[in-house]
>>> print(open('start-v6.tsv').read())   # TSV, C-alpha atoms
chain	number	residue	atom	x	y	z
A	96	MET	CA	-34.56	43.87	15.65
A	97	ARG	CA	-33.66	44.40	12.02
A	98	LEU	CA	-34.84	41.82	9.49
A	99	ALA	CA	-31.28	40.90	8.48
A	100	THR	CA	-30.32	40.35	12.11
A	101	LEU	CA	-33.45	38.28	12.72
A	102	VAL	CA	-32.73	36.12	9.67
A	103	ALA	CA	-29.15	35.60	10.86
A	104	VAL	CA	-30.33	34.55	14.31
A	105	VAL	CA	-32.91	32.15	12.86
A	106	MET	CA	-30.34	30.63	10.49
A	107	THR	CA	-27.90	30.16	13.37
A	108	VAL	CA	-30.55	28.35	15.40
A	109	VAL	CA	-31.51	26.17	12.41
A	110	VAL	CA	-27.90	25.23	11.66
A	111	ALA	CA	-27.23	24.48	15.32
A	112	ALA	CA	-30.33	22.32	15.50
A	113	TRP	CA	-29.31	20.47	12.35
A	114	LEU	CA	-25.83	19.82	13.76
A	115	VAL	CA	-27.31	18.51	17.00
A	116	TRP	CA	-29.58	16.19	14.99
A	117	ARG	CA	-26.67	15.11	12.80
A	118	TRP	CA	-24.52	14.29	15.81
A	119	ASP	CA	-27.12	12.90	18.16
A	120	ALA	CA	-29.86	11.23	16.11
A	121	LEU	CA	-29.09	7.57	15.57
A	122	PRO	CA	-31.29	5.18	13.61
A	123	ASP	CA	-32.73	2.55	15.93
A	124	THR	CA	-31.71	-0.39	13.76
A	125	TRP	CA	-29.45	-1.36	10.91
A	126	SER	CA	-30.97	-1.93	7.48
A	127	ASP	CA	-30.46	-5.24	5.69
A	128	GLU	CA	-27.97	-3.48	3.41
A	129	GLY	CA	-26.12	-2.10	6.43
A	130	ILE	CA	-25.97	-5.51	8.09
A	131	ALA	CA	-24.57	-7.03	4.90
A	132	MET	CA	-21.87	-4.35	4.80
A	133	LEU	CA	-20.96	-4.96	8.45
A	134	GLN	CA	-20.74	-8.70	7.90
A	135	SER	CA	-18.42	-8.17	4.92
A	136	LEU	CA	-16.03	-6.39	7.32
A	137	SER	CA	-16.19	-9.01	10.06
A	138	LEU	CA	-13.46	-11.60	10.58
A	139	GLU	CA	-16.21	-14.18	10.21
A	140	SER	CA	-16.09	-13.34	6.49
A	141	LEU	CA	-12.35	-13.90	6.17
A	142	PRO	CA	-11.89	-16.83	3.77
A	143	PRO	CA	-9.37	-19.60	4.46
A	144	LEU	CA	-5.83	-18.58	3.64
A	145	PRO	CA	-5.17	-19.65	0.05
A	146	PRO	CA	-2.21	-21.96	-0.58
A	147	ASP	CA	1.07	-20.57	-1.87
A	148	PRO	CA	2.15	-22.87	-4.71
A	149	THR	CA	5.50	-21.06	-4.92
A	150	ASN	CA	6.37	-22.31	-1.41
A	151	ALA	CA	6.23	-26.10	-0.98
A	152	VAL	CA	6.49	-25.85	2.83
A	153	ALA	CA	4.11	-22.90	3.28
A	154	ASP	CA	1.74	-24.86	5.52
A	155	ASP	CA	4.08	-27.48	6.93
A	156	PRO	CA	4.05	-27.34	10.77
A	157	ARG	CA	7.75	-28.21	10.81
A	158	ALA	CA	8.49	-25.17	8.64
A	159	VAL	CA	6.33	-23.01	10.90
A	160	GLU	CA	8.44	-23.96	13.92
A	161	PHE	CA	11.71	-23.57	12.00
A	162	GLY	CA	10.61	-20.18	10.72
A	163	ARG	CA	9.50	-19.06	14.19
A	164	ARG	CA	12.95	-19.76	15.56
A	165	LEU	CA	14.62	-17.96	12.67
A	166	PHE	CA	12.32	-14.96	13.14
A	167	PHE	CA	13.55	-14.32	16.68
A	168	ASP	CA	17.22	-15.28	16.16
A	169	THR	CA	19.68	-12.34	16.22
A	170	ARG	CA	22.61	-14.34	14.83
A	171	PHE	CA	21.55	-13.60	11.26
A	172	SER	CA	22.62	-9.96	11.55
A	173	ALA	CA	26.02	-8.35	11.10
A	174	ASN	CA	26.21	-7.21	14.73
A	175	GLY	CA	24.49	-10.23	16.29
A	176	ALA	CA	21.80	-8.01	17.80
A	177	ILE	CA	19.09	-7.73	15.13
A	178	SER	CA	16.32	-10.21	14.36
A	179	CYS	CA	13.11	-9.96	12.36
A	180	ALA	CA	11.39	-9.29	15.69
A	181	THR	CA	13.53	-6.19	16.29
A	182	CYS	CA	11.29	-4.24	13.93
A	183	HIS	CA	8.29	-6.59	13.87
A	184	GLN	CA	7.65	-6.71	17.61
A	185	PRO	CA	4.75	-9.00	18.56
A	186	GLU	CA	3.67	-6.84	21.48
A	187	ARG	CA	3.31	-3.89	19.07
A	188	ARG	CA	1.28	-5.97	16.60
A	189	PHE	CA	4.50	-6.68	14.71
A	190	THR	CA	5.49	-3.03	14.24
A	191	ASP	CA	8.12	-1.03	16.17
A	192	GLY	CA	6.54	2.29	17.19
A	193	LEU	CA	9.06	4.30	15.16
A	194	PRO	CA	8.59	6.54	12.10
A	195	ARG	CA	11.05	4.34	10.22
A	196	GLY	CA	12.62	1.03	11.13
A	197	VAL	CA	15.90	1.14	13.05
A	198	ALA	CA	18.23	-1.88	12.91
A	199	ILE	CA	21.85	-1.79	11.68
A	200	GLY	CA	20.85	1.48	10.04
A	201	VAL	CA	17.61	3.36	9.43
A	202	SER	CA	15.12	2.10	6.86
A	203	LYS	CA	13.67	4.48	4.32
A	204	ARG	CA	10.08	3.66	5.28
A	205	ASN	CA	7.84	2.86	8.23
A	206	THR	CA	7.73	-0.75	9.49
A	207	PRO	CA	4.34	-2.15	8.41
A	208	SER	CA	2.50	-4.72	10.48
A	209	ILE	CA	2.70	-8.26	9.13
A	210	VAL	CA	-0.54	-9.39	10.78
A	211	GLY	CA	-2.66	-10.93	8.05
A	212	THR	CA	-0.30	-9.90	5.23
A	213	ALA	CA	-0.25	-13.49	3.93
A	214	TYR	CA	-3.50	-12.52	2.19
A	215	SER	CA	-1.81	-9.78	0.18
A	216	PRO	CA	-0.44	-10.50	-3.31
A	217	TRP	CA	2.19	-7.80	-2.80
A	218	LEU	CA	4.51	-7.03	0.11
A	219	TYR	CA	6.12	-3.81	1.34
A	220	TRP	CA	4.56	-0.36	1.06
A	221	ASP	CA	5.50	-0.24	-2.62
A	222	GLY	CA	4.79	-3.92	-3.38
A	223	ARG	CA	8.35	-4.67	-4.44
A	224	ARG	CA	8.00	-8.36	-3.53
A	225	ASP	CA	5.26	-10.74	-4.62
A	226	SER	CA	5.35	-13.35	-1.82
A	227	LEU	CA	6.03	-13.61	1.89
A	228	TRP	CA	9.14	-15.72	1.32
A	229	ALA	CA	10.61	-13.35	-1.26
A	230	GLN	CA	9.98	-10.47	1.14
A	231	ALA	CA	11.51	-12.34	4.09
A	232	LEU	CA	14.83	-12.62	2.25
A	233	SER	CA	15.29	-8.91	1.58
A	234	PRO	CA	15.95	-7.63	5.14
A	235	LEU	CA	18.63	-10.27	5.69
A	236	GLU	CA	20.94	-8.65	3.15
A	237	ASP	CA	19.70	-5.06	3.41
A	238	PRO	CA	22.57	-2.91	4.79
A	239	ASN	CA	20.12	-0.93	6.92
A	240	GLU	CA	18.45	-4.00	8.40
A	241	HIS	CA	20.33	-7.27	9.11
A	242	SER	CA	23.24	-6.31	6.84
A	243	SER	CA	24.29	-9.94	6.48
A	244	ASN	CA	24.77	-12.10	3.39
A	245	ARG	CA	23.44	-15.44	2.21
A	246	LEU	CA	26.72	-17.34	2.65
A	247	THR	CA	27.02	-16.29	6.29
A	248	ILE	CA	23.36	-17.11	6.93
A	249	ILE	CA	23.66	-20.58	5.38
A	250	ALA	CA	26.82	-21.25	7.41
A	251	ILE	CA	24.91	-20.51	10.64
A	252	ILE	CA	22.20	-22.97	9.62
A	253	VAL	CA	24.68	-25.71	8.76
A	254	ASP	CA	26.79	-25.20	11.90
A	255	ASP	CA	23.81	-25.24	14.26
A	256	ARG	CA	22.96	-28.91	14.86
A	257	GLU	CA	19.27	-28.34	15.54
A	258	TYR	CA	18.80	-25.89	12.68
A	259	TRP	CA	20.55	-28.23	10.27
A	260	ARG	CA	18.36	-31.12	11.39
A	261	MET	CA	15.24	-29.02	10.85
A	262	TYR	CA	16.44	-27.76	7.47
A	263	LYS	CA	17.25	-31.24	6.14
A	264	ALA	CA	13.92	-32.63	7.29
A	265	LEU	CA	12.19	-30.02	5.13
A	266	PHE	CA	14.51	-29.48	2.17
A	267	GLY	CA	17.04	-32.32	2.09
A	268	GLU	CA	20.81	-32.00	1.94
A	269	ALA	CA	22.76	-28.91	0.93
A	270	SER	CA	22.21	-27.57	-2.57
A	271	GLY	CA	23.04	-24.34	-4.35
A	272	VAL	CA	23.54	-21.21	-2.28
A	273	ASP	CA	20.58	-19.35	-3.79
A	274	THR	CA	18.30	-22.36	-3.42
A	275	MET	CA	19.24	-22.76	0.25
A	276	PHE	CA	18.78	-19.04	0.80
A	277	SER	CA	15.32	-19.15	-0.78
A	278	ASN	CA	14.42	-22.09	1.46
A	279	ILE	CA	15.24	-20.02	4.53
A	280	GLY	CA	12.80	-17.39	3.29
A	281	LYS	CA	10.16	-20.08	2.77
A	282	ALA	CA	10.50	-21.28	6.37
A	283	LEU	CA	10.17	-17.71	7.63
A	284	ALA	CA	7.09	-17.28	5.45
A	285	ALA	CA	5.54	-20.45	6.87
A	286	PHE	CA	5.70	-18.88	10.33
A	287	GLU	CA	4.45	-15.50	9.12
A	288	ARG	CA	1.43	-17.18	7.50
A	289	THR	CA	0.28	-18.06	11.02
A	290	ILE	CA	0.27	-14.41	12.16
A	291	MET	CA	-3.40	-13.59	11.82
A	292	PRO	CA	-5.73	-11.05	13.46
A	293	THR	CA	-8.02	-12.17	16.25
A	294	PRO	CA	-11.64	-11.05	16.77
A	295	SER	CA	-12.10	-7.53	18.05
A	296	ARG	CA	-14.93	-5.76	19.83
A	297	PHE	CA	-16.16	-4.70	16.38
A	298	ASP	CA	-16.50	-8.34	15.30
A	299	ALA	CA	-18.53	-9.11	18.42
A	300	TYR	CA	-20.74	-6.10	17.68
A	301	VAL	CA	-21.40	-7.31	14.12
A	302	ALA	CA	-22.43	-10.71	15.48
A	303	ALA	CA	-24.83	-9.00	17.89
A	304	VAL	CA	-26.31	-6.89	15.08
A	305	ALA	CA	-26.79	-9.95	12.88
A	306	ALA	CA	-28.52	-11.74	15.77
A	307	GLY	CA	-30.74	-8.76	16.53
A	308	ASP	CA	-29.40	-8.67	20.11
A	309	GLU	CA	-29.86	-5.00	21.01
A	310	ALA	CA	-28.80	-5.43	24.63
A	311	ARG	CA	-25.49	-6.94	23.55
A	312	GLN	CA	-24.99	-4.19	20.97
A	313	ALA	CA	-25.42	-1.52	23.65
A	314	GLU	CA	-22.99	-3.39	25.87
A	315	LEU	CA	-20.32	-3.53	23.16
A	316	PHE	CA	-20.48	-0.13	21.43
A	317	THR	CA	-20.96	3.39	22.70
A	318	GLU	CA	-23.12	5.80	20.72
A	319	ASP	CA	-19.97	7.63	19.57
A	320	GLU	CA	-18.54	4.38	18.22
A	321	ILE	CA	-21.78	3.61	16.36
A	322	ARG	CA	-21.73	7.10	14.85
A	323	GLY	CA	-18.15	6.55	13.77
A	324	LEU	CA	-19.02	3.21	12.20
A	325	ARG	CA	-21.94	4.74	10.29
A	326	LEU	CA	-19.64	7.50	9.02
A	327	PHE	CA	-16.99	4.93	8.08
A	328	ILE	CA	-19.30	2.94	5.81
A	329	GLY	CA	-21.33	5.96	4.75
A	330	GLU	CA	-20.46	9.62	4.32
A	331	ALA	CA	-16.70	9.26	4.85
A	332	ASN	CA	-16.56	6.50	2.18
A	333	CYS	CA	-13.66	4.79	3.94
A	334	THR	CA	-14.66	1.40	2.57
A	335	GLN	CA	-13.67	2.48	-0.92
A	336	CYS	CA	-10.14	1.35	0.02
A	337	HIS	CA	-10.46	-0.12	3.52
A	338	ASN	CA	-12.88	-2.92	2.79
A	339	GLY	CA	-13.15	-6.64	3.54
A	340	PRO	CA	-12.47	-8.32	6.88
A	341	LEU	CA	-8.87	-7.05	6.95
A	342	PHE	CA	-10.02	-3.49	6.18
A	343	THR	CA	-7.78	-3.23	3.12
A	344	ASN	CA	-8.18	-3.84	-0.60
A	345	ASN	CA	-4.42	-4.59	-0.78
A	346	GLU	CA	-4.14	-2.15	-3.67
A	347	PHE	CA	-2.03	0.95	-4.18
A	348	HIS	CA	-3.25	4.52	-3.80
A	349	ASN	CA	-1.81	8.02	-3.67
A	350	THR	CA	-3.45	9.83	-0.75
A	351	GLY	CA	-1.24	12.89	-0.68
A	352	LEU	CA	0.86	12.09	2.37
A	353	ILE	CA	3.85	14.44	2.43
A	354	ASN	CA	7.42	13.35	3.07
A	355	PHE	CA	9.59	14.67	5.87
A	356	GLU	CA	11.02	18.12	5.21
A	357	GLY	CA	13.95	18.11	2.82
A	358	GLU	CA	13.34	14.59	1.52
A	359	VAL	CA	12.99	13.76	-2.15
A	360	PRO	CA	9.39	12.65	-2.87
A	361	ASP	CA	8.96	8.89	-2.71
A	362	LYS	CA	7.93	7.40	-6.08
A	363	GLY	CA	6.23	4.45	-4.39
A	364	ARG	CA	4.56	1.78	-6.48
A	365	VAL	CA	5.95	2.88	-9.84
A	366	SER	CA	9.42	1.84	-8.61
A	367	GLY	CA	8.23	-1.08	-6.50
A	368	VAL	CA	6.48	-2.95	-9.31
A	369	ARG	CA	9.57	-2.80	-11.51
A	370	GLU	CA	11.69	-4.18	-8.70
A	371	ALA	CA	9.19	-7.02	-8.18
A	372	LEU	CA	9.32	-7.89	-11.87
A	373	ASP	CA	13.14	-8.01	-11.78
A	374	ASP	CA	13.40	-9.97	-8.52
A	375	PRO	CA	15.07	-13.40	-9.08
A	376	PHE	CA	12.97	-14.79	-6.22
A	377	ASN	CA	9.62	-13.77	-7.70
A	378	CYS	CA	6.80	-16.09	-8.73
A	379	LYS	CA	8.28	-16.67	-12.18
A	380	GLY	CA	11.83	-17.17	-10.94
A	381	ALA	CA	13.86	-20.36	-10.75
A	382	TYR	CA	13.31	-20.71	-6.98
A	383	SER	CA	9.51	-20.87	-7.10
A	384	ASN	CA	8.11	-24.32	-6.28
A	385	ASP	CA	5.20	-23.85	-8.68
A	386	PRO	CA	6.07	-25.82	-11.84
A	387	SER	CA	3.34	-24.04	-13.79
A	388	ARG	CA	4.77	-20.58	-13.02
A	389	HIS	CA	1.18	-19.35	-12.95
A	390	CYS	CA	1.72	-15.72	-11.94
A	391	PRO	CA	-1.23	-13.53	-12.96
A	392	GLU	CA	-0.30	-10.76	-10.50
A	393	LEU	CA	3.07	-10.33	-12.19
A	394	GLU	CA	1.76	-10.88	-15.69
A	395	PHE	CA	-0.98	-8.26	-15.43
A	396	ALA	CA	0.71	-5.78	-13.08
A	397	LEU	CA	0.36	-2.13	-14.06
A	398	THR	CA	3.68	-0.35	-14.61
A	399	GLY	CA	2.69	3.09	-15.94
A	400	PRO	CA	3.26	6.62	-14.60
A	401	GLU	CA	-0.17	6.61	-12.95
A	402	LEU	CA	1.48	4.58	-10.16
A	403	ILE	CA	3.71	7.47	-9.07
A	404	GLY	CA	3.29	8.19	-5.36
A	405	ARG	CA	1.00	5.23	-4.71
A	406	PHE	CA	1.40	3.00	-1.65
A	407	ARG	CA	-0.29	-0.17	-0.46
A	408	THR	CA	-3.46	0.30	1.59
A	409	PRO	CA	-2.68	-0.85	5.15
A	410	SER	CA	-5.07	-2.85	7.30
A	411	LEU	CA	-6.95	-0.80	9.88
A	412	ARG	CA	-7.03	-3.56	12.48
A	413	ASN	CA	-5.05	-2.78	15.66
A	414	LEU	CA	-4.34	0.82	14.64
A	415	GLU	CA	-4.07	1.98	18.24
A	416	ASN	CA	-1.04	-0.25	18.70
A	417	THR	CA	0.79	0.66	15.50
A	418	ALA	CA	1.46	4.43	15.52
A	419	PRO	CA	3.00	6.39	13.89
A	420	TYR	CA	1.17	6.07	10.60
A	421	GLY	CA	1.94	6.46	6.91
A	422	HIS	CA	4.60	4.93	4.66
A	423	LYS	CA	7.26	7.04	6.35
A	424	GLY	CA	5.65	7.32	9.75
A	425	GLN	CA	4.82	10.94	8.95
A	426	VAL	CA	1.64	11.08	11.04
A	427	ALA	CA	1.93	10.74	14.80
A	428	THR	CA	-1.67	10.08	15.81
A	429	LEU	CA	-4.82	8.57	14.40
A	430	ILE	CA	-6.80	11.81	14.72
A	431	GLU	CA	-4.12	13.61	12.69
A	432	MET	CA	-4.37	10.97	9.98
A	433	LEU	CA	-8.14	11.39	9.88
A	434	ALA	CA	-7.69	15.16	9.61
A	435	HIS	CA	-5.35	14.60	6.65
A	436	TYR	CA	-7.99	12.57	4.81
A	437	ASN	CA	-10.61	15.14	5.72
A	438	GLU	CA	-8.57	17.91	4.05
A	439	ALA	CA	-7.11	15.81	1.17
A	440	PRO	CA	-4.29	18.23	0.27
A	441	ASP	CA	-2.48	18.16	-3.05
A	442	ALA	CA	0.12	15.42	-3.35
A	443	MET	CA	3.83	16.28	-3.48
A	444	ILE	CA	4.19	13.83	-6.35
A	445	GLY	CA	1.53	12.31	-8.56
A	446	HIS	CA	-2.18	12.88	-7.92
A	447	ASN	CA	-4.02	12.61	-4.60
A	448	GLU	CA	-6.92	10.22	-5.19
A	449	ALA	CA	-8.69	11.26	-1.97
A	450	LYS	CA	-11.33	14.00	-1.96
A	451	PRO	CA	-12.04	16.44	0.93
A	452	LEU	CA	-14.67	14.98	3.25
A	453	GLY	CA	-15.93	18.15	4.93
A	454	LEU	CA	-16.41	16.43	8.29
A	455	SER	CA	-16.43	18.32	11.58
A	456	ARG	CA	-13.86	17.79	14.31
A	457	ARG	CA	-16.48	15.96	16.34
A	458	GLU	CA	-17.22	13.62	13.44
A	459	LEU	CA	-13.51	12.85	13.10
A	460	GLU	CA	-13.52	11.94	16.78
A	461	TYR	CA	-16.44	9.58	16.13
A	462	LEU	CA	-14.38	7.89	13.39
A	463	GLU	CA	-11.42	7.61	15.73
A	464	ALA	CA	-13.64	6.04	18.40
A	465	PHE	CA	-14.87	3.44	15.93
A	466	LEU	CA	-11.41	2.61	14.60
A	467	ASN	CA	-10.21	1.91	18.12
A	468	THR	CA	-12.82	-0.87	18.39
A	469	LEU	CA	-10.73	-2.84	15.87
A	470	ALA	CA	-8.04	-3.49	18.49
A	471	ALA	CA	-7.63	-7.11	19.57
A	472	PRO	CA	-5.02	-9.20	21.38
A	473	LEU	CA	-2.82	-11.60	19.44
A	474	PRO	CA	-2.49	-15.24	20.48
A	475	THR	CA	0.01	-15.61	23.32
A	476	THR	CA	1.96	-18.12	21.21
A	477	LEU	CA	3.05	-15.21	19.00
A	478	LEU	CA	4.25	-13.05	21.89
A	479	THR	CA	7.32	-15.07	22.79
A	480	SER	CA	10.46	-16.24	21.02
A	481	GLY	CA	10.50	-19.61	22.76
A	482	SER	CA	13.74	-21.52	23.05
A	483	LEU	CA	16.41	-21.15	20.39
>>> encode(input="start-v6.tsv", output="structure tokens")
Amino acid sequence: MRLATLVAVVMTVVVAAWLVWRWDALPDTWSDEGIAMLQSLSLESLPPLPPDPTNAVADDPRAVEFGRRLFFDTRFSANGAISCATCHQPERRFTDGLPRGVAIGVSKRNTPSIVGTAYSPWLYWDGRRDSLWAQALSPLEDPNEHSSNRLTIIAIIVDDREYWRMYKALFGEASGVDTMFSNIGKALAAFERTIMPTPSRFDAYVAAVAAGDEARQAELFTEDEIRGLRLFIGEANCTQCHNGPLFTNNEFHNTGLINFEGEVPDKGRVSGVREALDDPFNCKGAYSNDPSRHCPELEFALTGPELIGRFRTPSLRNLENTAPYGHKGQVATLIEMLAHYNEAPDAMIGHNEAKPLGLSRRELEYLEAFLNTLAAPLPTTLLTSGSL
């Protein structure tokens, strides 16, 4: 055997052995640093939901019930067939399973989950609203969604005896049209603030790790899922953006996702922040219940060209129930999304902040296995419209 051939054979064996070790060798225990990282991702670390001073009824149980009924009511649409739950379907973790939302028309972006979004200072993929109640108002008058108008919506409230009773108990008698319209958004937001994630298998695993219960750990996670978790917080560097117990930093990033063929590139956050600043229902507007108008998010919001092509980081909880993925639903499966981040192609517009990961196909499958451990059922109280 020639020397060159022998060297090639030896190198092949060495590389193969290294790959086997890389895939199959798992540390026996988690380090203190690793445990701290896992605990930072657990729902146990989720702080209490902060108050919303712009919404006086944000945590009023009466507003929660009023908002729940409004959320499932189709009468607030032009054709009498569309409700908030048409696109935000509880059984799909408040998404719709479509690339882009379909109601009266077709939305320009994918329907994001609203589970846990009360923690985010910005709403929508581009952050064009700065509160849940301001966001809740937009679909009602959007021609592609409910395609209604505030006068018609208020008339329904006033003409419905039960709705009018509930409204007056919270907000008093009729007032200006815009004030009444904003109050409807505030009731919807009160309900949406109750839509929170529940503990997943991952959260149970973290508790077992913290307790040093190795038998329980082995019961909860497969070796592939552990490998995926170690990649997630390690070599893949996913926690740079997907951190905290909701697996999102609620910030805006350009990750090079392409648009559908023939579409004009989506400017994303650079347009969204300007719309938020101009919104009459924003934190500084006349319809905010905060007399101090303390609005640091608006006051210090970036507005420069570096925001081009950036979109809000979505939560990774319940991913298996929320396909397709991306701000336009461009990516059909989770493994395809992981492959996109692995390659980190050039962005169509702006600059892709992601860097190629260089992971193998098998390692991407490990990541997928771990991400699927974040699935969890929602409370049954959120899976029904109740009586209207």
>>> closest_atom_pairs(input="start-v6.tsv", of="segment 263-367 of chain A", to="segment 194-213 of chain A", cutoff="10 Å", atoms="only C-alpha atoms", output="CSV")
residue,atom,partner,partner_atom,distance
A:Ala284,CA,A:Ala213,CA,8.4
A:Ala285,CA,A:Ala213,CA,9.5
A:Glu287,CA,A:Ala213,CA,7.3
A:Arg288,CA,A:Ala213,CA,5.4
A:Thr289,CA,A:Gly211,CA,8.3
A:Ile290,CA,A:Val210,CA,5.3
A:Met291,CA,A:Gly211,CA,4.7
A:Pro292,CA,A:Val210,CA,6.1
A:Thr293,CA,A:Val210,CA,9.7
A:Leu341,CA,A:Gly211,CA,7.4
A:Asn345,CA,A:Thr212,CA,9.0
A:Asp361,CA,A:Lys203,CA,9.5
>>> residues_around(input="start-v6.tsv", residues="Tyr258 of chain A", least_positions_apart="3", cutoff="12 Å", atoms="all atoms listed in the file", output="mmCIF file with C-alpha atoms, in the coordinates of the input")
data_model
loop_
_atom_site.group_PDB
_atom_site.id
_atom_site.type_symbol
_atom_site.label_atom_id
_atom_site.label_comp_id
_atom_site.auth_asym_id
_atom_site.auth_seq_id
_atom_site.Cartn_x
_atom_site.Cartn_y
_atom_site.Cartn_z
ATOM 1 C CA ARG A 157 7.750 -28.210 10.810
ATOM 2 C CA ALA A 158 8.490 -25.170 8.640
ATOM 3 C CA GLU A 160 8.440 -23.960 13.920
ATOM 4 C CA PHE A 161 11.710 -23.570 12.000
ATOM 5 C CA GLY A 162 10.610 -20.180 10.720
ATOM 6 C CA ARG A 163 9.500 -19.060 14.190
ATOM 7 C CA ARG A 164 12.950 -19.760 15.560
ATOM 8 C CA LEU A 165 14.620 -17.960 12.670
ATOM 9 C CA ASP A 168 17.220 -15.280 16.160
ATOM 10 C CA ILE A 248 23.360 -17.110 6.930
ATOM 11 C CA ILE A 249 23.660 -20.580 5.380
ATOM 12 C CA ALA A 250 26.820 -21.250 7.410
ATOM 13 C CA ILE A 251 24.910 -20.510 10.640
ATOM 14 C CA ILE A 252 22.200 -22.970 9.620
ATOM 15 C CA VAL A 253 24.680 -25.710 8.760
ATOM 16 C CA ASP A 254 26.790 -25.200 11.900
ATOM 17 C CA ASP A 255 23.810 -25.240 14.260
ATOM 18 C CA MET A 261 15.240 -29.020 10.850
ATOM 19 C CA TYR A 262 16.440 -27.760 7.470
ATOM 20 C CA LYS A 263 17.250 -31.240 6.140
ATOM 21 C CA ALA A 264 13.920 -32.630 7.290
ATOM 22 C CA LEU A 265 12.190 -30.020 5.130
ATOM 23 C CA PHE A 266 14.510 -29.480 2.170
ATOM 24 C CA ILE A 279 15.240 -20.020 4.530
ATOM 25 C CA ALA A 282 10.500 -21.280 6.370
ATOM 26 C CA LEU A 483 16.410 -21.150 20.390
#
>>> closest_atom_pairs(input="start-v6.tsv", of="segment 297-358 of chain A", to="segment 215-235 of chain A", cutoff="10 Å", atoms="all atoms listed in the file", output="JSON lines")
{"residue": "A:Thr343", "atom": "CA", "partner": "A:Ser215", "partner_atom": "CA", "distance": 9.3}
{"residue": "A:Asn344", "atom": "CA", "partner": "A:Ser215", "partner_atom": "CA", "distance": 8.7}
{"residue": "A:Asn345", "atom": "CA", "partner": "A:Ser215", "partner_atom": "CA", "distance": 5.9}
{"residue": "A:Glu346", "atom": "CA", "partner": "A:Trp217", "partner_atom": "CA", "distance": 8.5}
{"residue": "A:Phe347", "atom": "CA", "partner": "A:Asp221", "partner_atom": "CA", "distance": 7.8}
>>> closest_residue(input="start-v6.tsv", among="A:Asn377, A:Asn467, A:Ser178, A:Asn338", to="Leu414 of chain A", atoms="all atoms listed in the file")
A:Asn467
>>> atom_distance(input="start-v6.tsv", atom1="atom CA of Ser410 of chain A", atom2="atom CA of Gln312 of chain A")
24.2 Å
>>> residues_around(input="start-v6.tsv", residues="Leu141 of chain A", least_positions_apart="6", cutoff="10 Å", atoms="only C-alpha atoms", output="number ranges by chain")
A: 135, 214, 339-341
>>> residues_around(input="start-v6.tsv", residues="segment 321-325 of chain A", least_positions_apart="2", cutoff="7 Å", atoms="all atoms listed in the file", output="PyMOL selection string")
chain A and resi 316-319+327-329+461-462+464-465
>>> write_last_selection(input="start-v6.tsv", atoms="C-alpha atoms", output="JSON list (two decimals), keeping the file's coordinate frame")
[["chain", "number", "residue", "atom", "x", "y", "z"],
["A", 316, "PHE", "CA", -20.48, -0.13, 21.43],
["A", 317, "THR", "CA", -20.96, 3.39, 22.70],
["A", 318, "GLU", "CA", -23.12, 5.80, 20.72],
["A", 319, "ASP", "CA", -19.97, 7.63, 19.57],
["A", 327, "PHE", "CA", -16.99, 4.93, 8.08],
["A", 328, "ILE", "CA", -19.30, 2.94, 5.81],
["A", 329, "GLY", "CA", -21.33, 5.96, 4.75],
["A", 461, "TYR", "CA", -16.44, 9.58, 16.13],
["A", 462, "LEU", "CA", -14.38, 7.89, 13.39],
["A", 464, "ALA", "CA", -13.64, 6.04, 18.40],
["A", 465, "PHE", "CA", -14.87, 3.44, 15.93]]
>>> residues_around(input="start-v6.tsv", residues="Asn244 of chain A", least_positions_apart="6", cutoff="9 Å", atoms="all atoms listed in the file", output="short mmCIF file (atom, residue, chain, number, x, y, z; two decimals) with C-alpha atoms, keeping the file's coordinate frame")
data_model
loop_
_atom_site.label_atom_id
_atom_site.label_comp_id
_atom_site.auth_asym_id
_atom_site.auth_seq_id
_atom_site.Cartn_x
_atom_site.Cartn_y
_atom_site.Cartn_z
CA PHE A 171 21.55 -13.60 11.26
CA SER A 172 22.62 -9.96 11.55
CA ALA A 173 26.02 -8.35 11.10
CA LEU A 235 18.63 -10.27 5.69
CA GLU A 236 20.94 -8.65 3.15
CA ASP A 237 19.70 -5.06 3.41
#
>>> residues_around(input="start-v6.tsv", residues="Asp191 of chain A", least_positions_apart="5", cutoff="8 Å", atoms="all atoms listed in the file", output="list in words")
Thr181, Cys182, His183, Gln184, Gly196, Thr206 and Thr417 of chain A
>>> closest_residue(input="start-v6.tsv", among="A:Asn437, A:Ser295, A:Thr334, A:Ser243", to="Asn413 of chain A", atoms="all atoms listed in the file")
A:Ser295
>>> atom_distance(input="start-v6.tsv", atom1="atom CA of Gly445 of chain A", atom2="atom CA of Gly404 of chain A")
5.5 Å
